[in-house]
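Working notes, beginning with the structure itself.
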Amino acid sequence: MKPQEEVILDFIVTVNEIKENVIDNIKKYKSSENVKKEFELSKARVEAESRYLRIKGNEIEIYQKMLSYIIFDNPIKSIRLDKTDKQISYKQSELWKYGISGDFPIILVKIKDVNDNYVINEVLKAYEFFRTKNVQTEIVILDEEKNSYENYVKEEIENSIFNQQMAFLRNKRGGIFTLFKSELDSKDISLLEFISTIVIDSKKGRNKK
């Protein structure tokens with residue numbers, strides 16, 4: 001480069017199980033025009049997904065932050081684990097009785113007040129966003145409402161799952177599970193908190209970002 005000269009440099013990383021495909025990609029993206037077209041196509045796909053999922057830019061920012069916690073280390077989980085009783089033995093297999101495989105990162109959502117149901121809706125939208133990115137997770141909703149004749153929280157959870165057309169994902173591997181605190185012992189609750197990658201407590205309020 002000469003002084004004051006500007007150069008556009010394309011840095012390409014390509015991964016494939018077949019060596020020939022990697023070589024073909026390198027050859028393809030040697031062309032700046034092909035790189036430009038790929039960015040335009042990627043942008044169009046993201047915009048189409050956003051319209052389909054009815055999500056906005058600030059929501060995507062939150063979901064991407066959650067993804068970083070799922071894919072990489074979650075510093076908040078590290079703090080939580082430091083406070084865990086080291087005398088208790090936690091086994092993933094203990095989740096199986098609830099149909100939860102534990103093979104995928106778990107997002108645990110606690111809800112006690114029916115007015116906090118918007119948190120469930122937001123988490124379900126995040127879950128659907130992750131699915132479009134081929135990132136598998138399991139959503140566990142812990143209903144903490146006291147058992148009574150009229151279980152409003154339970155009803156709202158059911159409605160949220162139904163309205164977002166996710167009923168087919170109920171109680172299946174990589175799907176959505178609803179548990180009731182009144183039916184769990186304290187060790188099972190601790191187990192869920194221990195294994196979950198992300199724990200969201202709805203009573204702590206809406207993210208204002």
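As shown in the structure tokens, the chain order sets the letters A, B, ...; within each chain, residues go from 1, and ligands are also counted from 1 in the order they appear.
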| Near A:Ala126, counting only C-alpha atoms, which residues have an atom at most 9 Å away, once you skip same-chain residues fewer than 6 positions from it, shown as a ChimeraX atom specification? | /A:59-60,62-63,66
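Excluding A:Lys181 itself and any same-chain residue fewer than 2 positions from it, the protein and nucleic acid residues within 6 Å of it, counting only C-alpha atoms, are Asp143, Glu144, Glu183 and Leu184 of chain A.
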Store the residues picked out above, limited to N, CA and C atoms, as a PDB file, in the first residue's frame.
ATOM      1  N   ASP A 143     -43.668 -22.831  37.236  1.00  0.00           N
ATOM      2  CA  ASP A 143     -44.833 -22.116  37.756  1.00  0.00           C
ATOM      3  C   ASP A 143     -44.756 -22.101  39.280  1.00  0.00           C
ATOM      4  N   GLU A 144     -44.534 -20.910  39.844  1.00  0.00           N
ATOM      5  CA  GLU A 144     -44.369 -20.783  41.289  1.00  0.00           C
ATOM      6  C   GLU A 144     -45.637 -20.297  41.993  1.00  0.00           C
ATOM      7  N   GLU A 183     -45.166 -29.153  43.158  1.00  0.00           N
ATOM      8  CA  GLU A 183     -45.029 -30.586  42.938  1.00  0.00           C
ATOM      9  C   GLU A 183     -43.575 -31.041  42.973  1.00  0.00           C
ATOM     10  N   LEU A 184     -42.637 -30.105  43.162  1.00  0.00           N
ATOM     11  CA  LEU A 184     -41.217 -30.428  43.174  1.00  0.00           C
ATOM     12  C   LEU A 184     -40.649 -30.298  44.578  1.00  0.00           C
TER      13      LEU A 184
END
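Distances from A:Ile161, A:Ile198, A:Ile12, A:Val35 to A:Ile70 were compared using only C-alpha atoms, and the smallest one belongs to A:Ile198.
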| message | Would you pick out the contacts of stretch 92-100 of chain A at 8 Å or less, using only C-alpha atoms, so that residues sharing its chain but fewer than 5 positions from it are not included, and give the list as a PyMOL selection string? | response | chain A and resi 138+171-173+177+188+192+195
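Going from atom CA of A:Val13 over to atom CA of A:Arg131, you cover 23.6 Å.
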| Given only C-alpha atoms as the counted atoms, nearest of A:Ile111, A:Ala167, A:Ile23, A:Val119 to A:Lys154 | A:Ile111
| note | Closest of A:Thr197, A:Asn121, A:Asn115, A:Ser32 to A:Gln165, counting only C-alpha atoms, is A:Asn121
| Surrounding residues of A:Ile26 excluding itself and chain neighbours under 2 positions, 12 Å, only C-alpha atoms, as a PyMOL selection string | chain A and resi 10-16+19-24+28-32+34-35
Can you pull out every residue from stretch 7-200 of chain A that DSSP, working from the backbone, puts in alpha helix (DSSP H), and format the result as a PDB file with N, CA and C atoms, in the first residue's frame?
ATOM      1  N   LYS A  19     -12.881 -31.274   2.026  1.00  0.00           N
ATOM      2  CA  LYS A  19     -11.804 -30.348   1.656  1.00  0.00           C
ATOM      3  C   LYS A  19     -12.111 -29.619   0.348  1.00  0.00           C
ATOM      4  N   GLU A  20     -12.671 -30.336  -0.629  1.00  0.00           N
ATOM      5  CA  GLU A  20     -12.950 -29.729  -1.930  1.00  0.00           C
ATOM      6  C   GLU A  20     -13.937 -28.569  -1.809  1.00  0.00           C
ATOM      7  N   ASN A  21     -14.905 -28.702  -0.879  1.00  0.00           N
ATOM      8  CA  ASN A  21     -15.879 -27.622  -0.682  1.00  0.00           C
ATOM      9  C   ASN A  21     -15.217 -26.371  -0.114  1.00  0.00           C
ATOM     10  N   VAL A  22     -14.239 -26.589   0.754  1.00  0.00           N
ATOM     11  CA  VAL A  22     -13.500 -25.462   1.323  1.00  0.00           C
ATOM     12  C   VAL A  22     -12.741 -24.731   0.218  1.00  0.00           C
ATOM     13  N   ILE A  23     -12.093 -25.487  -0.636  1.00  0.00           N
ATOM     14  CA  ILE A  23     -11.337 -24.890  -1.743  1.00  0.00           C
ATOM     15  C   ILE A  23     -12.260 -24.129  -2.690  1.00  0.00           C
ATOM     16  N   ASP A  24     -13.431 -24.724  -2.965  1.00  0.00           N
ATOM     17  CA  ASP A  24     -14.402 -24.057  -3.849  1.00  0.00           C
ATOM     18  C   ASP A  24     -14.870 -22.734  -3.248  1.00  0.00           C
ATOM     19  N   ASN A  25     -15.086 -22.716  -1.937  1.00  0.00           N
ATOM     20  CA  ASN A  25     -15.518 -21.480  -1.274  1.00  0.00           C
ATOM     21  C   ASN A  25     -14.449 -20.400  -1.359  1.00  0.00           C
ATOM     22  N   ILE A  26     -13.204 -20.816  -1.157  1.00  0.00           N
ATOM     23  CA  ILE A  26     -12.102 -19.853  -1.228  1.00  0.00           C
ATOM     24  C   ILE A  26     -12.033 -19.240  -2.632  1.00  0.00           C
ATOM     25  N   LYS A  27     -12.179 -20.088  -3.635  1.00  0.00           N
ATOM     26  CA  LYS A  27     -12.146 -19.596  -5.020  1.00  0.00           C
ATOM     27  C   LYS A  27     -13.327 -18.656  -5.291  1.00  0.00           C
ATOM     28  N   LYS A  28     -14.501 -19.053  -4.791  1.00  0.00           N
ATOM     29  CA  LYS A  28     -15.706 -18.259  -5.038  1.00  0.00           C
ATOM     30  C   LYS A  28     -15.585 -16.866  -4.444  1.00  0.00           C
ATOM     31  N   SER A  32     -14.622  -9.987  -5.088  1.00  0.00           N
ATOM     32  CA  SER A  32     -15.254  -9.016  -4.194  1.00  0.00           C
ATOM     33  C   SER A  32     -16.741  -8.891  -4.480  1.00  0.00           C
ATOM     34  N   GLU A  33     -17.108  -9.101  -5.740  1.00  0.00           N
ATOM     35  CA  GLU A  33     -18.520  -9.017  -6.118  1.00  0.00           C
ATOM     36  C   GLU A  33     -19.326 -10.130  -5.448  1.00  0.00           C
ATOM     37  N   ASN A  34     -18.754 -11.329  -5.383  1.00  0.00           N
ATOM     38  CA  ASN A  34     -19.436 -12.447  -4.716  1.00  0.00           C
ATOM     39  C   ASN A  34     -19.556 -12.204  -3.212  1.00  0.00           C
ATOM     40  N   VAL A  35     -18.523 -11.606  -2.613  1.00  0.00           N
ATOM     41  CA  VAL A  35     -18.571 -11.267  -1.184  1.00  0.00           C
ATOM     42  C   VAL A  35     -19.696 -10.266  -0.930  1.00  0.00           C
ATOM     43  N   LYS A  36     -19.779  -9.262  -1.781  1.00  0.00           N
ATOM     44  CA  LYS A  36     -20.827  -8.241  -1.646  1.00  0.00           C
ATOM     45  C   LYS A  36     -22.217  -8.859  -1.773  1.00  0.00           C
ATOM     46  N   LYS A  37     -22.384  -9.747  -2.758  1.00  0.00           N
ATOM     47  CA  LYS A  37     -23.681 -10.404  -2.960  1.00  0.00           C
ATOM     48  C   LYS A  37     -24.064 -11.249  -1.757  1.00  0.00           C
ATOM     49  N   GLU A  38     -23.071 -11.943  -1.167  1.00  0.00           N
ATOM     50  CA  GLU A  38     -23.343 -12.798  -0.003  1.00  0.00           C
ATOM     51  C   GLU A  38     -23.817 -11.974   1.187  1.00  0.00           C
ATOM     52  N   PHE A  39     -23.205 -10.815   1.396  1.00  0.00           N
ATOM     53  CA  PHE A  39     -23.643  -9.932   2.476  1.00  0.00           C
ATOM     54  C   PHE A  39     -25.071  -9.431   2.235  1.00  0.00           C
ATOM     55  N   GLU A  40     -25.377  -9.110   0.988  1.00  0.00           N
ATOM     56  CA  GLU A  40     -26.723  -8.637   0.650  1.00  0.00           C
ATOM     57  C   GLU A  40     -27.756  -9.729   0.870  1.00  0.00           C
ATOM     58  N   LEU A  41     -27.418 -10.977   0.471  1.00  0.00           N
ATOM     59  CA  LEU A  41     -28.327 -12.101   0.683  1.00  0.00           C
ATOM     60  C   LEU A  41     -28.523 -12.388   2.166  1.00  0.00           C
ATOM     61  N   SER A  42     -27.427 -12.309   2.922  1.00  0.00           N
ATOM     62  CA  SER A  42     -27.494 -12.536   4.368  1.00  0.00           C
ATOM     63  C   SER A  42     -28.380 -11.494   5.033  1.00  0.00           C
ATOM     64  N   LYS A  43     -28.223 -10.241   4.627  1.00  0.00           N
ATOM     65  CA  LYS A  43     -29.046  -9.165   5.176  1.00  0.00           C
ATOM     66  C   LYS A  43     -30.521  -9.389   4.862  1.00  0.00           C
ATOM     67  N   ALA A  44     -30.804  -9.822   3.633  1.00  0.00           N
ATOM     68  CA  ALA A  44     -32.195 -10.077   3.225  1.00  0.00           C
ATOM     69  C   ALA A  44     -32.803 -11.219   4.034  1.00  0.00           C
ATOM     70  N   ARG A  45     -31.997 -12.278   4.290  1.00  0.00           N
ATOM     71  CA  ARG A  45     -32.493 -13.410   5.082  1.00  0.00           C
ATOM     72  C   ARG A  45     -32.829 -12.971   6.508  1.00  0.00           C
ATOM     73  N   VAL A  46     -31.939 -12.175   7.104  1.00  0.00           N
ATOM     74  CA  VAL A  46     -32.155 -11.704   8.474  1.00  0.00           C
ATOM     75  C   VAL A  46     -33.409 -10.841   8.548  1.00  0.00           C
ATOM     76  N   GLU A  47     -33.594  -9.961   7.576  1.00  0.00           N
ATOM     77  CA  GLU A  47     -34.778  -9.089   7.564  1.00  0.00           C
ATOM     78  C   GLU A  47     -36.052  -9.908   7.385  1.00  0.00           C
ATOM     79  N   ALA A  48     -35.993 -10.945   6.539  1.00  0.00           N
ATOM     80  CA  ALA A  48     -37.166 -11.806   6.331  1.00  0.00           C
ATOM     81  C   ALA A  48     -37.496 -12.580   7.607  1.00  0.00           C
ATOM     82  N   GLU A  49     -36.469 -13.094   8.287  1.00  0.00           N
ATOM     83  CA  GLU A  49     -36.677 -13.812   9.549  1.00  0.00           C
ATOM     84  C   GLU A  49     -37.278 -12.890  10.606  1.00  0.00           C
ATOM     85  N   SER A  50     -36.788 -11.662  10.661  1.00  0.00           N
ATOM     86  CA  SER A  50     -37.273 -10.698  11.656  1.00  0.00           C
ATOM     87  C   SER A  50     -38.740 -10.378  11.431  1.00  0.00           C
ATOM     88  N   ARG A  51     -39.121 -10.241  10.153  1.00  0.00           N
ATOM     89  CA  ARG A  51     -40.540  -9.971   9.844  1.00  0.00           C
ATOM     90  C   ARG A  51     -41.407 -11.168  10.210  1.00  0.00           C
ATOM     91  N   TYR A  52     -40.905 -12.365   9.909  1.00  0.00           N
ATOM     92  CA  TYR A  52     -41.658 -13.581  10.205  1.00  0.00           C
ATOM     93  C   TYR A  52     -41.832 -13.776  11.709  1.00  0.00           C
ATOM     94  N   LEU A  53     -40.764 -13.512  12.462  1.00  0.00           N
ATOM     95  CA  LEU A  53     -40.795 -13.709  13.914  1.00  0.00           C
ATOM     96  C   LEU A  53     -41.373 -12.497  14.650  1.00  0.00           C
ATOM     97  N   GLY A  57     -35.008  -4.795  16.286  1.00  0.00           N
ATOM     98  CA  GLY A  57     -33.560  -4.766  16.427  1.00  0.00           C
ATOM     99  C   GLY A  57     -33.086  -4.889  17.864  1.00  0.00           C
ATOM    100  N   ASN A  58     -33.771  -4.185  18.793  1.00  0.00           N
ATOM    101  CA  ASN A  58     -33.334  -4.243  20.192  1.00  0.00           C
ATOM    102  C   ASN A  58     -33.586  -5.618  20.798  1.00  0.00           C
ATOM    103  N   GLU A  59     -34.606  -6.322  20.295  1.00  0.00           N
ATOM    104  CA  GLU A  59     -34.867  -7.682  20.773  1.00  0.00           C
ATOM    105  C   GLU A  59     -33.787  -8.635  20.257  1.00  0.00           C
ATOM    106  N   ILE A  60     -33.404  -8.475  18.999  1.00  0.00           N
ATOM    107  CA  ILE A  60     -32.339  -9.314  18.438  1.00  0.00           C
ATOM    108  C   ILE A  60     -31.050  -9.127  19.221  1.00  0.00           C
ATOM    109  N   GLU A  61     -30.788  -7.892  19.643  1.00  0.00           N
ATOM    110  CA  GLU A  61     -29.581  -7.610  20.428  1.00  0.00           C
ATOM    111  C   GLU A  61     -29.584  -8.402  21.732  1.00  0.00           C
ATOM    112  N   ILE A  62     -30.760  -8.475  22.375  1.00  0.00           N
ATOM    113  CA  ILE A  62     -30.890  -9.237  23.619  1.00  0.00           C
ATOM    114  C   ILE A  62     -30.716 -10.733  23.350  1.00  0.00           C
ATOM    115  N   TYR A  63     -31.344 -11.224  22.275  1.00  0.00           N
ATOM    116  CA  TYR A  63     -31.256 -12.648  21.954  1.00  0.00           C
ATOM    117  C   TYR A  63     -29.813 -13.040  21.641  1.00  0.00           C
ATOM    118  N   GLN A  64     -29.096 -12.170  20.947  1.00  0.00           N
ATOM    119  CA  GLN A  64     -27.696 -12.469  20.629  1.00  0.00           C
ATOM    120  C   GLN A  64     -26.838 -12.503  21.891  1.00  0.00           C
ATOM    121  N   LYS A  65     -27.177 -11.652  22.845  1.00  0.00           N
ATOM    122  CA  LYS A  65     -26.452 -11.679  24.116  1.00  0.00           C
ATOM    123  C   LYS A  65     -26.735 -12.990  24.847  1.00  0.00           C
ATOM    124  N   MET A  66     -27.993 -13.428  24.806  1.00  0.00           N
ATOM    125  CA  MET A  66     -28.338 -14.718  25.405  1.00  0.00           C
ATOM    126  C   MET A  66     -27.582 -15.852  24.715  1.00  0.00           C
ATOM    127  N   LEU A  67     -27.464 -15.754  23.381  1.00  0.00           N
ATOM    128  CA  LEU A  67     -26.736 -16.780  22.638  1.00  0.00           C
ATOM    129  C   LEU A  67     -25.282 -16.860  23.076  1.00  0.00           C
ATOM    130  N   SER A  68     -24.688 -15.698  23.359  1.00  0.00           N
ATOM    131  CA  SER A  68     -23.291 -15.709  23.811  1.00  0.00           C
ATOM    132  C   SER A  68     -23.161 -16.430  25.145  1.00  0.00           C
ATOM    133  N   TYR A  69     -24.200 -16.310  26.007  1.00  0.00           N
ATOM    134  CA  TYR A  69     -24.191 -17.020  27.284  1.00  0.00           C
ATOM    135  C   TYR A  69     -24.391 -18.519  27.080  1.00  0.00           C
ATOM    136  N   ILE A  70     -25.153 -18.880  26.032  1.00  0.00           N
ATOM    137  CA  ILE A  70     -25.429 -20.285  25.765  1.00  0.00           C
ATOM    138  C   ILE A  70     -24.230 -20.972  25.127  1.00  0.00           C
ATOM    139  N   ILE A  71     -23.623 -20.307  24.146  1.00  0.00           N
ATOM    140  CA  ILE A  71     -22.532 -20.911  23.390  1.00  0.00           C
ATOM    141  C   ILE A  71     -21.208 -20.828  24.141  1.00  0.00           C
ATOM    142  N   PRO A  75     -20.939 -15.822  32.816  1.00  0.00           N
ATOM    143  CA  PRO A  75     -20.332 -15.410  34.085  1.00  0.00           C
ATOM    144  C   PRO A  75     -21.316 -15.417  35.244  1.00  0.00           C
ATOM    145  N   ILE A  76     -22.587 -15.176  34.947  1.00  0.00           N
ATOM    146  CA  ILE A  76     -23.607 -15.173  36.000  1.00  0.00           C
ATOM    147  C   ILE A  76     -23.797 -16.584  36.542  1.00  0.00           C
ATOM    148  N   LYS A  77     -23.745 -17.586  35.640  1.00  0.00           N
ATOM    149  CA  LYS A  77     -23.879 -18.970  36.086  1.00  0.00           C
ATOM    150  C   LYS A  77     -22.701 -19.350  36.979  1.00  0.00           C
ATOM    151  N   SER A  78     -21.525 -18.862  36.643  1.00  0.00           N
ATOM    152  CA  SER A  78     -20.347 -19.166  37.458  1.00  0.00           C
ATOM    153  C   SER A  78     -20.527 -18.677  38.890  1.00  0.00           C
ATOM    154  N   ILE A  79     -21.108 -17.483  39.022  1.00  0.00           N
ATOM    155  CA  ILE A  79     -21.369 -16.925  40.352  1.00  0.00           C
ATOM    156  C   ILE A  79     -22.403 -17.787  41.082  1.00  0.00           C
ATOM    157  N   ARG A  80     -23.424 -18.217  40.323  1.00  0.00           N
ATOM    158  CA  ARG A  80     -24.480 -19.038  40.920  1.00  0.00           C
ATOM    159  C   ARG A  80     -23.929 -20.374  41.398  1.00  0.00           C
ATOM    160  N   LEU A  81     -23.030 -20.970  40.608  1.00  0.00           N
ATOM    161  CA  LEU A  81     -22.456 -22.264  40.981  1.00  0.00           C
ATOM    162  C   LEU A  81     -21.577 -22.157  42.218  1.00  0.00           C
ATOM    163  N   ASP A  82     -20.932 -21.005  42.379  1.00  0.00           N
ATOM    164  CA  ASP A  82     -20.088 -20.803  43.567  1.00  0.00           C
ATOM    165  C   ASP A  82     -20.913 -20.836  44.850  1.00  0.00           C
ATOM    166  N   ASN A 117     -46.491 -12.427  32.815  1.00  0.00           N
ATOM    167  CA  ASN A 117     -46.522 -13.400  31.726  1.00  0.00           C
ATOM    168  C   ASN A 117     -45.817 -12.900  30.468  1.00  0.00           C
ATOM    169  N   TYR A 118     -45.626 -11.577  30.353  1.00  0.00           N
ATOM    170  CA  TYR A 118     -44.917 -11.050  29.182  1.00  0.00           C
ATOM    171  C   TYR A 118     -43.509 -11.653  29.089  1.00  0.00           C
ATOM    172  N   VAL A 119     -42.936 -12.030  30.245  1.00  0.00           N
ATOM    173  CA  VAL A 119     -41.602 -12.637  30.247  1.00  0.00           C
ATOM    174  C   VAL A 119     -41.639 -13.969  29.501  1.00  0.00           C
ATOM    175  N   ILE A 120     -42.694 -14.745  29.712  1.00  0.00           N
ATOM    176  CA  ILE A 120     -42.847 -16.017  29.008  1.00  0.00           C
ATOM    177  C   ILE A 120     -42.916 -15.784  27.512  1.00  0.00           C
ATOM    178  N   ASN A 121     -43.693 -14.789  27.100  1.00  0.00           N
ATOM    179  CA  ASN A 121     -43.821 -14.481  25.673  1.00  0.00           C
ATOM    180  C   ASN A 121     -42.477 -14.110  25.066  1.00  0.00           C
ATOM    181  N   GLU A 122     -41.700 -13.312  25.793  1.00  0.00           N
ATOM    182  CA  GLU A 122     -40.403 -12.878  25.281  1.00  0.00           C
ATOM    183  C   GLU A 122     -39.419 -14.049  25.181  1.00  0.00           C
ATOM    184  N   VAL A 123     -39.454 -14.931  26.181  1.00  0.00           N
ATOM    185  CA  VAL A 123     -38.553 -16.089  26.154  1.00  0.00           C
ATOM    186  C   VAL A 123     -38.926 -17.040  25.012  1.00  0.00           C
ATOM    187  N   LEU A 124     -40.219 -17.208  24.765  1.00  0.00           N
ATOM    188  CA  LEU A 124     -40.651 -18.066  23.666  1.00  0.00           C
ATOM    189  C   LEU A 124     -40.223 -17.488  22.317  1.00  0.00           C
ATOM    190  N   LYS A 125     -40.248 -16.174  22.194  1.00  0.00           N
ATOM    191  CA  LYS A 125     -39.777 -15.534  20.966  1.00  0.00           C
ATOM    192  C   LYS A 125     -38.270 -15.755  20.803  1.00  0.00           C
ATOM    193  N   ALA A 126     -37.537 -15.650  21.901  1.00  0.00           N
ATOM    194  CA  ALA A 126     -36.091 -15.891  21.859  1.00  0.00           C
ATOM    195  C   ALA A 126     -35.818 -17.345  21.456  1.00  0.00           C
ATOM    196  N   TYR A 127     -36.597 -18.260  22.027  1.00  0.00           N
ATOM    197  CA  TYR A 127     -36.458 -19.682  21.721  1.00  0.00           C
ATOM    198  C   TYR A 127     -36.667 -19.942  20.226  1.00  0.00           C
ATOM    199  N   GLU A 128     -37.685 -19.296  19.647  1.00  0.00           N
ATOM    200  CA  GLU A 128     -37.964 -19.461  18.216  1.00  0.00           C
ATOM    201  C   GLU A 128     -36.833 -18.859  17.383  1.00  0.00           C
ATOM    202  N   PHE A 129     -36.289 -17.738  17.849  1.00  0.00           N
ATOM    203  CA  PHE A 129     -35.157 -17.111  17.170  1.00  0.00           C
ATOM    204  C   PHE A 129     -33.956 -18.065  17.157  1.00  0.00           C
ATOM    205  N   PHE A 130     -33.691 -18.704  18.296  1.00  0.00           N
ATOM    206  CA  PHE A 130     -32.582 -19.648  18.382  1.00  0.00           C
ATOM    207  C   PHE A 130     -32.783 -20.807  17.407  1.00  0.00           C
ATOM    208  N   ARG A 131     -34.016 -21.263  17.280  1.00  0.00           N
ATOM    209  CA  ARG A 131     -34.314 -22.382  16.381  1.00  0.00           C
ATOM    210  C   ARG A 131     -34.013 -22.021  14.932  1.00  0.00           C
ATOM    211  N   THR A 132     -34.270 -20.766  14.545  1.00  0.00           N
ATOM    212  CA  THR A 132     -33.960 -20.344  13.174  1.00  0.00           C
ATOM    213  C   THR A 132     -32.455 -20.324  12.929  1.00  0.00           C
ATOM    214  N   TYR A 152     -54.236 -19.042  37.606  1.00  0.00           N
ATOM    215  CA  TYR A 152     -54.153 -18.065  36.524  1.00  0.00           C
ATOM    216  C   TYR A 152     -52.836 -18.156  35.761  1.00  0.00           C
ATOM    217  N   VAL A 153     -51.734 -18.360  36.488  1.00  0.00           N
ATOM    218  CA  VAL A 153     -50.426 -18.430  35.835  1.00  0.00           C
ATOM    219  C   VAL A 153     -50.370 -19.626  34.877  1.00  0.00           C
ATOM    220  N   LYS A 154     -50.850 -20.766  35.334  1.00  0.00           N
ATOM    221  CA  LYS A 154     -50.868 -21.965  34.497  1.00  0.00           C
ATOM    222  C   LYS A 154     -51.641 -21.706  33.209  1.00  0.00           C
ATOM    223  N   GLU A 155     -52.787 -21.049  33.339  1.00  0.00           N
ATOM    224  CA  GLU A 155     -53.630 -20.758  32.183  1.00  0.00           C
ATOM    225  C   GLU A 155     -52.917 -19.829  31.196  1.00  0.00           C
ATOM    226  N   GLU A 156     -52.231 -18.814  31.727  1.00  0.00           N
ATOM    227  CA  GLU A 156     -51.528 -17.867  30.864  1.00  0.00           C
ATOM    228  C   GLU A 156     -50.348 -18.522  30.153  1.00  0.00           C
ATOM    229  N   ILE A 157     -49.656 -19.412  30.854  1.00  0.00           N
ATOM    230  CA  ILE A 157     -48.542 -20.139  30.225  1.00  0.00           C
ATOM    231  C   ILE A 157     -49.064 -20.967  29.053  1.00  0.00           C
ATOM    232  N   GLU A 158     -50.172 -21.678  29.284  1.00  0.00           N
ATOM    233  CA  GLU A 158     -50.776 -22.505  28.234  1.00  0.00           C
ATOM    234  C   GLU A 158     -51.170 -21.643  27.046  1.00  0.00           C
ATOM    235  N   ASN A 159     -51.767 -20.486  27.321  1.00  0.00           N
ATOM    236  CA  ASN A 159     -52.212 -19.592  26.252  1.00  0.00           C
ATOM    237  C   ASN A 159     -51.036 -19.063  25.447  1.00  0.00           C
ATOM    238  N   SER A 160     -49.942 -18.725  26.142  1.00  0.00           N
ATOM    239  CA  SER A 160     -48.760 -18.187  25.458  1.00  0.00           C
ATOM    240  C   SER A 160     -48.177 -19.213  24.492  1.00  0.00           C
ATOM    241  N   ILE A 161     -48.063 -20.453  24.956  1.00  0.00           N
ATOM    242  CA  ILE A 161     -47.517 -21.515  24.109  1.00  0.00           C
ATOM    243  C   ILE A 161     -48.428 -21.777  22.920  1.00  0.00           C
ATOM    244  N   PHE A 162     -49.738 -21.779  23.170  1.00  0.00           N
ATOM    245  CA  PHE A 162     -50.709 -22.030  22.106  1.00  0.00           C
ATOM    246  C   PHE A 162     -50.725 -20.883  21.097  1.00  0.00           C
ATOM    247  N   ASN A 163     -50.724 -19.640  21.591  1.00  0.00           N
ATOM    248  CA  ASN A 163     -50.812 -18.477  20.703  1.00  0.00           C
ATOM    249  C   ASN A 163     -49.592 -18.330  19.811  1.00  0.00           C
ATOM    250  N   SER A 186     -37.304 -29.489  47.059  1.00  0.00           N
ATOM    251  CA  SER A 186     -36.285 -28.439  47.001  1.00  0.00           C
ATOM    252  C   SER A 186     -35.034 -28.889  46.237  1.00  0.00           C
ATOM    253  N   LYS A 187     -34.701 -30.184  46.318  1.00  0.00           N
ATOM    254  CA  LYS A 187     -33.512 -30.673  45.622  1.00  0.00           C
ATOM    255  C   LYS A 187     -33.692 -30.602  44.117  1.00  0.00           C
ATOM    256  N   ASP A 188     -34.908 -30.922  43.646  1.00  0.00           N
ATOM    257  CA  ASP A 188     -35.162 -30.866  42.200  1.00  0.00           C
ATOM    258  C   ASP A 188     -35.075 -29.428  41.694  1.00  0.00           C
ATOM    259  N   ILE A 189     -35.548 -28.486  42.500  1.00  0.00           N
ATOM    260  CA  ILE A 189     -35.464 -27.075  42.111  1.00  0.00           C
ATOM    261  C   ILE A 189     -34.005 -26.642  42.056  1.00  0.00           C
ATOM    262  N   SER A 190     -33.233 -27.061  43.039  1.00  0.00           N
ATOM    263  CA  SER A 190     -31.803 -26.742  43.050  1.00  0.00           C
ATOM    264  C   SER A 190     -31.098 -27.376  41.862  1.00  0.00           C
ATOM    265  N   LEU A 191     -31.531 -28.591  41.503  1.00  0.00           N
ATOM    266  CA  LEU A 191     -30.957 -29.287  40.353  1.00  0.00           C
ATOM    267  C   LEU A 191     -31.207 -28.492  39.075  1.00  0.00           C
ATOM    268  N   LEU A 192     -32.424 -28.009  38.907  1.00  0.00           N
ATOM    269  CA  LEU A 192     -32.766 -27.219  37.724  1.00  0.00           C
ATOM    270  C   LEU A 192     -31.901 -25.965  37.641  1.00  0.00           C
ATOM    271  N   GLU A 193     -31.764 -25.281  38.765  1.00  0.00           N
ATOM    272  CA  GLU A 193     -30.963 -24.060  38.788  1.00  0.00           C
ATOM    273  C   GLU A 193     -29.487 -24.364  38.531  1.00  0.00           C
ATOM    274  N   PHE A 194     -29.031 -25.512  39.007  1.00  0.00           N
ATOM    275  CA  PHE A 194     -27.636 -25.912  38.836  1.00  0.00           C
ATOM    276  C   PHE A 194     -27.323 -26.219  37.375  1.00  0.00           C
ATOM    277  N   ILE A 195     -28.218 -26.948  36.711  1.00  0.00           N
ATOM    278  CA  ILE A 195     -27.964 -27.398  35.351  1.00  0.00           C
ATOM    279  C   ILE A 195     -28.287 -26.320  34.306  1.00  0.00           C
TER     280      ILE A 195
END
